[in-house]
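Peer 1: Enclosed is the structure file final_17.pdb (PDB, C-alpha atoms).
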ATOM      1  CA  MET A1435      24.205   7.417   5.140
ATOM      2  CA  ALA A1436      23.924   3.681   5.168
ATOM      3  CA  ARG A1437      24.639   1.659   8.263
ATOM      4  CA  ALA A1438      26.159  -1.789   8.005
ATOM      5  CA  PHE A1439      24.421  -5.077   8.691
ATOM      6  CA  ALA A1440      24.630  -6.170  12.290
ATOM      7  CA  ARG A1441      23.473  -9.305  14.022
ATOM      8  CA  LYS A1442      20.935  -8.916  16.816
ATOM      9  CA  LYS A1443      19.261 -11.412  19.046
ATOM     10  CA  LYS A1444      15.604 -10.900  19.760
ATOM     11  CA  GLY A1445      14.868 -13.536  22.338
ATOM     12  CA  ARG A1446      15.738 -16.775  20.580
ATOM     13  CA  GLU A1447      15.469 -15.263  17.146
ATOM     14  CA  VAL A1448      18.384 -13.830  15.239
ATOM     15  CA  ARG A1449      17.908 -10.770  13.065
ATOM     16  CA  TYR A1450      20.285  -8.978  10.736
ATOM     17  CA  THR A1451      19.530  -5.306  10.388
ATOM     18  CA  ALA A1452      20.993  -2.537   8.278
ATOM     19  CA  LYS A1453      19.993   0.997   7.577
ATOM     20  CA  LEU A1454      19.702   1.857   3.906
ATOM     21  CA  ASP A1455      17.819   4.826   2.547
ATOM     22  CA  ALA A1456      15.127   4.496  -0.107
ATOM     23  CA  VAL A1457      17.482   5.261  -2.973
ATOM     24  CA  GLU A1458      20.076   2.751  -1.822
ATOM     25  CA  ARG A1459      17.448   0.061  -1.397
ATOM     26  CA  ALA A1460      15.944   0.860  -4.789
ATOM     27  CA  VAL A1461      19.299   0.702  -6.549
ATOM     28  CA  VAL A1462      20.167  -2.662  -5.018
ATOM     29  CA  ALA A1463      16.699  -4.085  -5.659
ATOM     30  CA  GLY A1464      16.761  -2.787  -9.239
ATOM     31  CA  LEU A1465      20.045  -4.539  -9.947
ATOM     32  CA  MET A1466      18.740  -7.714  -8.353
ATOM     33  CA  GLU A1467      15.744  -7.527 -10.636
ATOM     34  CA  GLN A1468      18.016  -7.290 -13.676
ATOM     35  CA  VAL A1469      20.053 -10.266 -12.526
ATOM     36  CA  HIS A1470      16.833 -12.145 -11.842
ATOM     37  CA  ASP A1471      15.772 -11.545 -15.430
ATOM     38  CA  LEU A1472      19.152 -12.761 -16.630
ATOM     39  CA  VAL A1473      19.216 -15.947 -14.604
ATOM     40  CA  ALA A1474      15.600 -17.005 -14.103
ATOM     41  CA  PRO A1475      14.770 -20.147 -16.083
ATOM     42  CA  GLU A1476      12.708 -18.552 -18.804
ATOM     43  CA  PRO A1477      13.653 -19.744 -22.275
ATOM     44  CA  GLU A1478      13.452 -16.240 -23.773
ATOM     45  CA  ALA A1479      15.831 -14.740 -21.243
ATOM     46  CA  VAL A1480      18.516 -17.258 -22.166
ATOM     47  CA  VAL A1481      19.112 -15.800 -25.620
ATOM     48  CA  PRO A1482      22.075 -13.469 -25.228
ATOM     49  CA  GLY A1483      21.676 -10.115 -26.839
ATOM     50  CA  GLY A1484      18.233 -11.039 -28.099
ATOM     51  CA  PRO A1485      16.142  -8.035 -29.112
ATOM     52  CA  GLY A1486      13.967  -6.519 -26.446
ATOM     53  CA  ALA A1487      14.554  -9.039 -23.640
ATOM     54  CA  PRO A1488      10.945 -10.080 -23.069
ATOM     55  CA  GLY A1489      11.220 -10.660 -19.344
ATOM     56  CA  ALA A1490      12.541  -7.192 -18.655
ATOM     57  CA  ALA A1491       9.414  -5.399 -17.546
ATOM     58  CA  THR A1492       7.495  -8.225 -15.914
ATOM     59  CA  ALA A1493       8.616  -7.707 -12.338
ATOM     60  CA  GLY A1494       8.237  -3.942 -12.393
ATOM     61  CA  ALA A1495       4.527  -3.410 -12.245
ATOM     62  CA  PRO A1496       3.826  -3.590  -8.496
ATOM     63  CA  HIS A1497       6.782  -1.381  -7.678
ATOM     64  CA  ASP A1498       6.146   1.762  -9.649
ATOM     65  CA  ASP A1499       7.338   4.078  -6.909
ATOM     66  CA  PHE A1500      10.689   2.382  -6.667
ATOM     67  CA  ASP A1501      11.088   2.137 -10.405
ATOM     68  CA  ALA A1502      10.356   5.834 -10.605
ATOM     69  CA  ILE A1503      13.138   6.532  -8.151
ATOM     70  CA  VAL A1504      15.561   4.378 -10.058
ATOM     71  CA  SER A1505      14.659   5.695 -13.484
ATOM     72  CA  GLY A1506      14.778   9.228 -12.115
ATOM     73  CA  LEU A1507      18.383   8.578 -11.274
ATOM     74  CA  GLY A1508      19.176   7.570 -14.817
ATOM     75  CA  GLY A1509      20.630  10.985 -15.581
ATOM     76  CA  LEU A1510      22.920  10.671 -12.613
ATOM     77  CA  GLY A1511      24.092   7.336 -13.885
ATOM     78  CA  MET A1512      22.950   5.438 -10.846
ATOM     79  CA  GLY A1513      20.532   3.425 -12.909
ATOM     80  CA  VAL A1514      23.328   1.006 -13.676
ATOM     81  CA  SER A1515      22.391  -1.487 -16.358
ATOM     82  CA  VAL A1516      23.842  -4.953 -16.384
ATOM     83  CA  SER A1517      21.836  -5.921 -19.442
ATOM     84  CA  ALA A1518      23.959  -7.556 -22.129
ATOM     85  CA  GLU A1519      22.736  -5.100 -24.769
ATOM     86  CA  ASP A1520      24.028  -2.120 -22.836
ATOM     87  CA  GLN A1521      27.608  -3.281 -22.522
ATOM     88  CA  VAL A1522      30.668  -2.106 -24.382
ATOM     89  CA  PRO A1523      32.183  -5.188 -26.002
ATOM     90  CA  ASP A1524      35.105  -6.579 -24.043
ATOM     91  CA  ASP A1525      37.735  -7.424 -26.637
ATOM     92  CA  ARG A1526      40.267  -8.862 -24.266
ATOM     93  CA  PRO A1527      41.000 -12.510 -24.841
ATOM     94  CA  VAL A1528      39.242 -14.869 -22.479
ATOM     95  CA  PRO A1529      41.772 -16.530 -20.153
ATOM     96  CA  ALA A1530      42.353 -19.939 -21.647
ATOM     97  CA  ASP A1531      41.987 -21.903 -18.443
ATOM     98  CA  ALA A1532      39.037 -20.007 -17.164
ATOM     99  CA  ARG A1533      35.893 -20.421 -19.127
ATOM    100  CA  SER A1534      33.982 -22.167 -21.773
ATOM    101  CA  PHE A1535      31.984 -19.154 -22.834
ATOM    102  CA  GLY A1536      30.738 -20.568 -26.066
ATOM    103  CA  ASP A1537      28.202 -18.077 -27.301
ATOM    104  CA  ARG A1538      26.488 -17.397 -24.009
ATOM    105  CA  ASP A1539      26.499 -14.109 -22.195
ATOM    106  CA  PRO A1540      29.717 -14.242 -20.128
ATOM    107  CA  ALA A1541      27.867 -12.980 -17.056
ATOM    108  CA  LEU A1542      25.482 -15.908 -17.268
ATOM    109  CA  GLU A1543      28.433 -18.190 -17.829
ATOM    110  CA  ARG A1544      29.979 -16.852 -14.649
ATOM    111  CA  LEU A1545      26.805 -17.613 -12.689
ATOM    112  CA  LEU A1546      26.592 -21.093 -14.225
ATOM    113  CA  PRO A1547      30.174 -22.071 -15.022
ATOM    114  CA  ALA A1548      31.334 -25.282 -16.644
ATOM    115  CA  GLY A1549      31.336 -28.004 -14.005
ATOM    116  CA  ASN A1550      34.371 -29.885 -15.243
ATOM    117  CA  ARG A1551      37.344 -28.167 -16.861
ATOM    118  CA  ALA A1552      38.919 -31.372 -18.060
ATOM    119  CA  ASP A1553      35.974 -33.053 -19.682
ATOM    120  CA  ASP A1554      33.519 -31.229 -21.931
ATOM    121  CA  GLN A1555      31.151 -34.133 -22.030
ATOM    122  CA  ALA A1556      30.982 -34.309 -18.257
ATOM    123  CA  SER A1557      30.393 -30.557 -18.201
ATOM    124  CA  ALA A1558      27.573 -30.809 -20.681
ATOM    125  CA  GLU A1559      25.925 -33.560 -18.696
ATOM    126  CA  PHE A1560      26.376 -31.641 -15.450
ATOM    127  CA  ARG A1561      24.812 -28.580 -17.024
ATOM    128  CA  ARG A1562      21.891 -30.551 -18.375
ATOM    129  CA  LEU A1563      21.195 -32.017 -14.961
ATOM    130  CA  THR A1564      21.772 -28.952 -12.806
ATOM    131  CA  GLU A1565      21.115 -25.790 -14.786
ATOM    132  CA  HIS A1566      17.391 -25.566 -14.320
ATOM    133  CA  GLY A1567      17.636 -26.169 -10.595
ATOM    134  CA  LEU A1568      20.462 -23.679 -10.170
ATOM    135  CA  ARG A1569      18.621 -21.020 -12.107
ATOM    136  CA  THR A1570      15.456 -21.625 -10.114
ATOM    137  CA  ARG A1571      17.321 -21.410  -6.818
ATOM    138  CA  LYS A1572      19.214 -18.259  -7.755
ATOM    139  CA  ALA A1573      16.004 -16.620  -8.932
ATOM    140  CA  ARG A1574      14.342 -17.528  -5.637
ATOM    141  CA  HIS A1575      17.169 -15.988  -3.595
ATOM    142  CA  LEU A1576      16.919 -12.811  -5.669
ATOM    143  CA  THR A1577      13.136 -12.606  -5.342
ATOM    144  CA  SER A1578      13.341 -12.978  -1.586
ATOM    145  CA  ALA A1579      16.092 -10.376  -1.289
ATOM    146  CA  ILE A1580      14.158  -7.923  -3.475
ATOM    147  CA  ALA A1581      11.082  -8.362  -1.271
ATOM    148  CA  ALA A1582      13.159  -7.695   1.853
ATOM    149  CA  LEU A1583      14.581  -4.523   0.310
ATOM    150  CA  ARG A1584      11.116  -3.331  -0.667
ATOM    151  CA  ALA A1585       9.485  -4.042   2.670
ATOM    152  CA  PRO A1586       8.201  -0.885   4.341
ATOM    153  CA  GLY A1587      10.410   0.811   6.876
ATOM    154  CA  SER A1588      13.591   2.803   6.960
ATOM    155  CA  GLY A1589      15.943  -0.137   7.138
ATOM    156  CA  VAL A1590      16.362  -3.736   6.149
ATOM    157  CA  GLU A1591      15.600  -6.464   8.648
ATOM    158  CA  LEU A1592      16.319 -10.074   7.818
ATOM    159  CA  ASP A1593      15.613 -13.310   9.624
ATOM    160  CA  GLU A1594      18.194 -16.060   9.282
ATOM    161  CA  ARG A1595      16.677 -17.571   6.186
ATOM    162  CA  THR A1596      16.244 -14.256   4.397
ATOM    163  CA  ALA A1597      19.784 -13.302   5.368
ATOM    164  CA  VAL A1598      21.014 -16.330   3.407
ATOM    165  CA  ASP A1599      18.903 -15.260   0.427
ATOM    166  CA  MET A1600      20.337 -11.757   0.686
ATOM    167  CA  VAL A1601      23.991 -12.706   0.999
ATOM    168  CA  VAL A1602      23.725 -15.118  -1.946
ATOM    169  CA  ALA A1603      21.752 -12.622  -4.044
ATOM    170  CA  LEU A1604      24.368  -9.957  -3.357
ATOM    171  CA  THR A1605      27.008 -12.403  -4.564
ATOM    172  CA  ASP A1606      25.233 -13.044  -7.840
ATOM    173  CA  VAL A1607      24.679  -9.334  -8.443
ATOM    174  CA  ARG A1608      28.336  -8.583  -7.748
ATOM    175  CA  LEU A1609      29.414 -11.427 -10.041
ATOM    176  CA  VAL A1610      27.342 -10.028 -12.894
ATOM    177  CA  LEU A1611      28.349  -6.422 -12.272
ATOM    178  CA  GLY A1612      31.984  -7.508 -11.832
ATOM    179  CA  GLU A1613      31.879  -9.304 -15.164
ATOM    180  CA  ARG A1614      30.381  -6.202 -16.798
ATOM    181  CA  LEU A1615      33.253  -4.194 -15.343
ATOM    182  CA  GLY A1616      35.754  -6.684 -16.739
ATOM    183  CA  LEU A1617      36.810  -8.139 -13.372
ATOM    184  CA  ARG A1618      37.959 -11.623 -14.257
ATOM    185  CA  GLU A1619      41.227 -11.914 -12.383
ATOM    186  CA  ASP A1620      42.577 -10.266  -9.241
ATOM    187  CA  ALA A1621      44.816  -7.987 -11.313
ATOM    188  CA  ASP A1622      41.757  -6.567 -13.104
ATOM    189  CA  VAL A1623      40.640  -4.815  -9.924
ATOM    190  CA  ASP A1624      43.836  -2.743  -9.719
ATOM    191  CA  ARG A1625      43.780  -2.082 -13.450
ATOM    192  CA  LEU A1626      40.210  -0.827 -13.280
ATOM    193  CA  GLU A1627      40.932   1.399 -10.302
ATOM    194  CA  GLU A1628      43.825   2.982 -12.169
ATOM    195  CA  GLU A1629      41.623   3.564 -15.185
ATOM    196  CA  LEU A1630      38.909   5.057 -13.023
ATOM    197  CA  ALA A1631      41.312   7.619 -11.587
ATOM    198  CA  ASP A1632      41.669   9.212 -15.022
ATOM    199  CA  MET A1633      38.120   8.717 -16.112
ATOM    200  CA  ASP A1634      35.668  11.405 -17.049
ATOM    201  CA  GLU A1635      33.222  11.783 -14.206
ATOM    202  CA  ASP A1636      30.324  11.081 -16.540
ATOM    203  CA  ASP A1637      31.706   7.715 -17.530
ATOM    204  CA  PRO A1638      29.063   5.138 -16.623
ATOM    205  CA  ARG A1639      31.769   2.754 -15.426
ATOM    206  CA  LEU A1640      32.634   5.178 -12.657
ATOM    207  CA  HIS A1641      29.087   5.003 -11.347
ATOM    208  CA  ALA A1642      28.911   1.272 -11.867
ATOM    209  CA  MET A1643      32.099   0.895  -9.858
ATOM    210  CA  SER A1644      30.780   3.010  -7.005
ATOM    211  CA  VAL A1645      27.638   0.866  -6.906
ATOM    212  CA  TYR A1646      29.832  -2.237  -7.021
ATOM    213  CA  ASP A1647      31.885  -0.923  -4.092
ATOM    214  CA  PHE A1648      28.702  -0.211  -2.171
ATOM    215  CA  LEU A1649      27.456  -3.769  -2.766
ATOM    216  CA  THR A1650      30.839  -5.124  -1.696
ATOM    217  CA  TRP A1651      30.693  -3.183   1.534
ATOM    218  CA  LEU A1652      27.111  -4.273   2.186
ATOM    219  CA  GLN A1653      27.830  -7.928   1.525
ATOM    220  CA  GLU A1654      30.997  -7.868   3.585
ATOM    221  CA  THR A1655      29.127  -6.607   6.633
ATOM    222  CA  LEU A1656      26.380  -9.196   6.207
ATOM    223  CA  ALA A1657      28.731 -12.126   5.581
ATOM    224  CA  THR A1658      30.859 -11.142   8.566
ATOM    225  CA  ALA A1659      27.796 -10.836  10.803
ATOM    226  CA  MET A1660      26.613 -14.268   9.648
ATOM    227  CA  LEU A1661      29.834 -16.158  10.289
ATOM    228  CA  PRO A1662      29.071 -18.819  12.896
ATOM    229  CA  GLY A1663      30.519 -17.926  16.263
ATOM    230  CA  ASP A1664      30.641 -14.250  15.450
ATOM    231  CA  THR A1665      28.916 -12.305  18.177
ATOM    232  CA  THR A1666      29.217  -8.807  16.776
ATOM    233  CA  THR A1667      26.410  -6.501  17.773
ATOM    234  CA  ALA A1668      25.512  -3.061  16.581
TER     235      ALA A1668
ATOM    236  CA  MET B  63      45.746 -40.233   0.324
ATOM    237  CA  SER B  64      46.596 -41.457  -3.105
ATOM    238  CA  ILE B  65      45.160 -44.426  -4.819
ATOM    239  CA  ALA B  66      46.905 -45.381  -8.013
ATOM    240  CA  PRO B  67      44.591 -45.024 -10.988
ATOM    241  CA  VAL B  68      43.849 -48.467 -12.234
ATOM    242  CA  GLN B  69      44.124 -48.886 -15.992
ATOM    243  CA  GLU B  70      42.914 -45.506 -17.107
ATOM    244  CA  GLU B  71      41.825 -46.679 -20.535
ATOM    245  CA  ILE B  72      38.225 -45.632 -20.401
ATOM    246  CA  THR B  73      37.935 -42.051 -21.525
ATOM    247  CA  SER B  74      34.225 -41.717 -21.931
ATOM    248  CA  SER B  75      32.486 -39.874 -19.158
ATOM    249  CA  ASP B  76      29.458 -42.078 -18.856
ATOM    250  CA  SER B  77      28.768 -43.121 -15.373
ATOM    251  CA  LEU B  78      30.447 -46.480 -15.406
ATOM    252  CA  THR B  79      31.473 -45.992 -11.840
ATOM    253  CA  GLU B  80      35.117 -46.440 -11.026
ATOM    254  CA  PRO B  81      34.912 -46.892  -7.299
ATOM    255  CA  ASP B  82      38.659 -46.966  -6.726
ATOM    256  CA  ILE B  83      39.306 -43.593  -8.279
ATOM    257  CA  PRO B  84      38.416 -40.692  -6.035
ATOM    258  CA  TRP B  85      36.973 -37.487  -7.361
ATOM    259  CA  ILE B  86      37.448 -33.997  -6.021
ATOM    260  CA  THR B  87      35.589 -30.729  -5.876
ATOM    261  CA  LEU B  88      37.673 -27.642  -6.570
ATOM    262  CA  VAL B  89      36.980 -24.001  -5.859
ATOM    263  CA  TRP B  90      38.816 -21.510  -8.071
ATOM    264  CA  ASN B  91      39.872 -18.000  -7.229
ATOM    265  CA  ASP B  92      37.932 -15.084  -8.631
ATOM    266  CA  PRO B  93      38.250 -11.352  -7.999
ATOM    267  CA  VAL B  94      34.678 -10.869  -6.804
ATOM    268  CA  ASN B  95      33.921 -13.304  -4.021
ATOM    269  CA  LEU B  96      34.740 -12.019  -0.559
ATOM    270  CA  MET B  97      37.001 -13.844   1.856
ATOM    271  CA  SER B  98      34.399 -13.602   4.617
ATOM    272  CA  TYR B  99      31.681 -14.952   2.339
ATOM    273  CA  VAL B 100      33.758 -17.862   1.035
ATOM    274  CA  THR B 101      34.599 -18.806   4.631
ATOM    275  CA  TRP B 102      30.925 -18.605   5.531
ATOM    276  CA  VAL B 103      29.998 -20.899   2.607
ATOM    277  CA  PHE B 104      32.547 -23.530   3.645
ATOM    278  CA  GLN B 105      31.326 -23.415   7.237
ATOM    279  CA  THR B 106      27.672 -23.444   6.268
ATOM    280  CA  TYR B 107      27.631 -25.983   3.452
ATOM    281  CA  PHE B 108      30.326 -28.432   4.537
ATOM    282  CA  GLY B 109      30.071 -27.814   8.267
ATOM    283  CA  TYR B 110      33.831 -27.300   8.404
ATOM    284  CA  ASP B 111      35.060 -25.381  11.445
ATOM    285  CA  ARG B 112      36.299 -21.826  11.173
ATOM    286  CA  ALA B 113      39.990 -22.758  11.045
ATOM    287  CA  LYS B 114      39.573 -25.290   8.245
ATOM    288  CA  SER B 115      37.251 -23.003   6.297
ATOM    289  CA  GLU B 116      39.666 -20.095   6.529
ATOM    290  CA  LYS B 117      42.583 -22.300   5.492
ATOM    291  CA  LEU B 118      40.703 -23.473   2.400
ATOM    292  CA  MET B 119      39.615 -19.916   1.615
ATOM    293  CA  MET B 120      43.225 -18.698   1.856
ATOM    294  CA  ASP B 121      44.352 -21.539  -0.420
ATOM    295  CA  VAL B 122      41.801 -20.447  -2.997
ATOM    296  CA  HIS B 123      42.931 -16.868  -2.644
ATOM    297  CA  THR B 124      46.707 -17.391  -2.717
ATOM    298  CA  LYS B 125      47.110 -20.578  -4.767
ATOM    299  CA  GLY B 126      44.288 -19.950  -7.188
ATOM    300  CA  ARG B 127      42.297 -22.996  -6.202
ATOM    301  CA  ALA B 128      41.696 -25.488  -3.430
ATOM    302  CA  VAL B 129      40.338 -28.996  -3.152
ATOM    303  CA  VAL B 130      37.352 -28.576  -0.870
ATOM    304  CA  SER B 131      35.992 -32.114  -0.821
ATOM    305  CA  HIS B 132      36.667 -35.580  -2.170
ATOM    306  CA  GLY B 133      34.630 -38.695  -2.607
ATOM    307  CA  PRO B 134      32.598 -40.490  -5.217
ATOM    308  CA  ARG B 135      31.789 -38.642  -8.406
ATOM    309  CA  GLU B 136      28.085 -38.286  -7.643
ATOM    310  CA  LYS B 137      28.830 -36.575  -4.354
ATOM    311  CA  MET B 138      31.332 -34.240  -6.011
ATOM    312  CA  GLU B 139      28.721 -33.239  -8.558
ATOM    313  CA  ILE B 140      26.310 -32.484  -5.725
ATOM    314  CA  ASP B 141      28.962 -30.363  -3.970
ATOM    315  CA  THR B 142      29.801 -28.542  -7.193
ATOM    316  CA  GLU B 143      26.168 -27.755  -7.852
ATOM    317  CA  ALA B 144      25.652 -26.516  -4.299
ATOM    318  CA  LEU B 145      28.762 -24.312  -4.358
ATOM    319  CA  GLN B 146      27.801 -22.872  -7.742
ATOM    320  CA  GLY B 147      24.446 -22.128  -6.162
ATOM    321  CA  TYR B 148      26.360 -19.987  -3.661
ATOM    322  CA  GLY B 149      28.162 -18.259  -6.527
ATOM    323  CA  LEU B 150      31.521 -19.903  -5.940
ATOM    324  CA  TRP B 151      33.483 -21.022  -8.957
ATOM    325  CA  ALA B 152      33.353 -24.746  -8.306
ATOM    326  CA  THR B 153      34.216 -27.680 -10.545
ATOM    327  CA  PHE B 154      34.588 -31.431 -10.090
ATOM    328  CA  GLN B 155      37.144 -33.757 -11.611
ATOM    329  CA  LYS B 156      38.970 -36.996 -11.187
ATOM    330  CA  ASP B 157      41.699 -36.809  -8.576
ATOM    331  CA  ASP B 158      44.806 -37.385 -10.642
TER     332      ASP B 158
END
Taking this structure as input, can you express it in the form of structure tokens?
Peer 2:
Amino acid sequence: MARAFARKKKGREVRYTAKLDAVERAVVAGLMEQVHDLVAPEPEAVVPGGPGAPGAATAGAPHDDFDAIVSGLGGLGMGVSVSAEDQVPDDRPVPADARSFGDRDPALERLLPAGNRADDQASAEFRRLTEHGLRTRKARHLTSAIAALRAPGSGVELDERTAVDMVVALTDVRLVLGERLGLREDADVDRLEEELADMDEDDPRLHAMSVYDFLTWLQETLATAMLPGDTTTA
Amino acid sequence: MSIAPVQEEITSSDSLTEPDIPWITLVWNDPVNLMSYVTWVFQTYFGYDRAKSEKLMMDVHTKGRAVVSHGPREKMEIDTEALQGYGLWATFQKDD
């Protein structure tokens, strides 16, 4: 059973600690790796739905034990995939005010949205100037968070800087997973929960949603512990 | 807080600066970002106090969007980029 993030003071240093078992850490790290592959500034990874996403296996090699755990869970449906190729097409119309999807993967578009809704040219210029930096920064947060989850030990311990990496990485993973689950407006959450109630228990969306809920819980406890002035202890 | 737009004839978005026209950074509601996290971002990035950060967060949540900063265009682009880096749905535009 996982235990929430809590803020602790060790002398002058602040630490955020949580207890997650090996499977929980592997699932979260595995999803972060997928999002890293989606967002990292590699030209090949930008092509949506391109055959055999070339970056997919690169980060796996040093972590065979964890990958084995995750892939072993595939039959249980916990090996949630956020890869664009594995998604059921979402035929619902895109909310008119919301996005400029163009032909990009909507999850990527959610991570790197148009900067100006009123002016396409300004958006294009903003994207040209900021996209590489944003992708680099997001990839760095994810890499740091993955390393923290794969550090030896029975829990997760973060210093202040790594806690920022973690809370931002959890956001990006939830944004991608949320998009894969069709969560684009507040009303979608209720709709999905109603659908899930009647869903076959083998439906991969049910497992994806339980992972999403777990990530939500985890991020909530970390964000709350990090709020300045909050003195919560374990 | 309002400055009348002066002769809004120029529609191109090149950076002919229009110093009299303020720009704003907006954050839009989404179903994923957590209220605690959004508050934390406003406190951390802008240095706003808890009360102001929570007010802005609630505006995003209940009104669908909130103006989180205003100033010259270049600064609004920097804010937008930073907030997108945090995963918030941020945009910049002219304050009209």
Peer 1: Please evaluate the ChimeraX specification (/B :<6) & /A against the structure above and give the resulting residues as a PyMOL selection string.
Peer 2: chain A and resi 1549-1550+1556+1568+1602+1619-1620+1657-1658+1661
Peer 1: To one decimal place, how far is atom CA of A:Asp1520 from atom CA of A:Gly1612 in Å?
Peer 2: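 Answer for the atom CA of A:Asp1520 to atom CA of A:Gly1612 separation: 14.6 Å.
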Peer 1: Report as a list in words the residues that result from applying the PyMOL selection byres ((chain A and resi 1465) around 9) to the structure here.
Peer 2: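 Expected selection for the PyMOL selection byres ((chain A and resi 1465) around 9) here is Ala1460, Val1461, Val1462, Ala1463, Gly1464, Met1466, Glu1467, Gln1468, Val1469, His1470, Gly1513, Val1514, Ser1515, Val1516, Val1607 and Leu1611 of chain A.
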Peer 1: Of the candidates A:Trp1651, A:Phe1560, A:Tyr1450, A:Phe1439, which one gets nearest to B:Glu136 if we count only C-alpha atoms?
Peer 2: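 Looking at the shortest contact to B:Glu136, the residue is A:Phe1560.
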Peer 1: Given all atoms listed in the file as the basis, pick out the residue of A:Lys1442, A:Gly1616, A:Ala1558, A:Glu1447 nearest to A:Arg1595.
Peer 2: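 Checking each of A:Lys1442, A:Gly1616, A:Ala1558, A:Glu1447 against A:Arg1595, counting all atoms listed in the file, the winner is A:Glu1447.
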Peer 1: For each of A:Ser1517, A:Thr1577, A:Ser1557, A:Ser1644, take the minimum atom-to-atom distance to A:Ala1603, counting all atoms listed in the file, then give the residue where this is smallest.
Peer 2: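 Checking each candidate against A:Ala1603, we get A:Thr1577 as the closest.
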Peer 1: Just so the selection is clear, what residues does the PyMOL selection byres ((chain B and resi 127) around 9) cover here, as a PyMOL selection string?
Peer 2: chain B and resi 88-91+118-119+121-126+128-129
Peer 1: Report, in Å to a single decimal, how far apart atom CA of A:Pro1662 and atom CA of A:Val1448 are.
Peer 2: 12.0 Å
Peer 1: Measure the distance from atom CA of A:Asp1647 to atom CA of B:Tyr107 in Å and round it to one decimal.
Peer 2: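 Between these atoms lies a distance of 26.5 Å.
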Peer 1: Please, what is the axis-aligned box for every listed atom of stretch 110-120 of chain B with 5 Å on each side, as centre and edge lengths in Å to one decimal, as lines of an AutoDock Vina configuration file?
Peer 2:
center_x = 38.5
center_y = -23.0
center_z = 6.5
size_x = 19.4
size_y = 18.6
size_z = 19.8
Peer 1: Fewer than 5 positions away in the same chain doesn't count, so skip those; otherwise give me all residues within 9 Å of B:Phe108, counting only C-alpha atoms, as a PyMOL selection string.
Peer 2: chain B and resi 103+115+130-131+141
Peer 1: Calculated over all atoms listed in the file, which of the candidates A:Lys1444, A:His1575, A:Arg1625, A:Arg1614 has the smallest distance to A:Leu1542?
Peer 2: A:Arg1614
Peer 1: Show which residues sit within 12 Å of A:Pro1586, as a list in words. Count all atoms listed in the file, and ignore same-chain residues fewer than 2 positions away.
Peer 2: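 Contacts, in chain order: Leu1454, Asp1455, Ala1456, Arg1459, Phe1500, Ala1581, Ala1582, Leu1583, Arg1584, Ser1588, Gly1589, Val1590 and Glu1591 of chain A.
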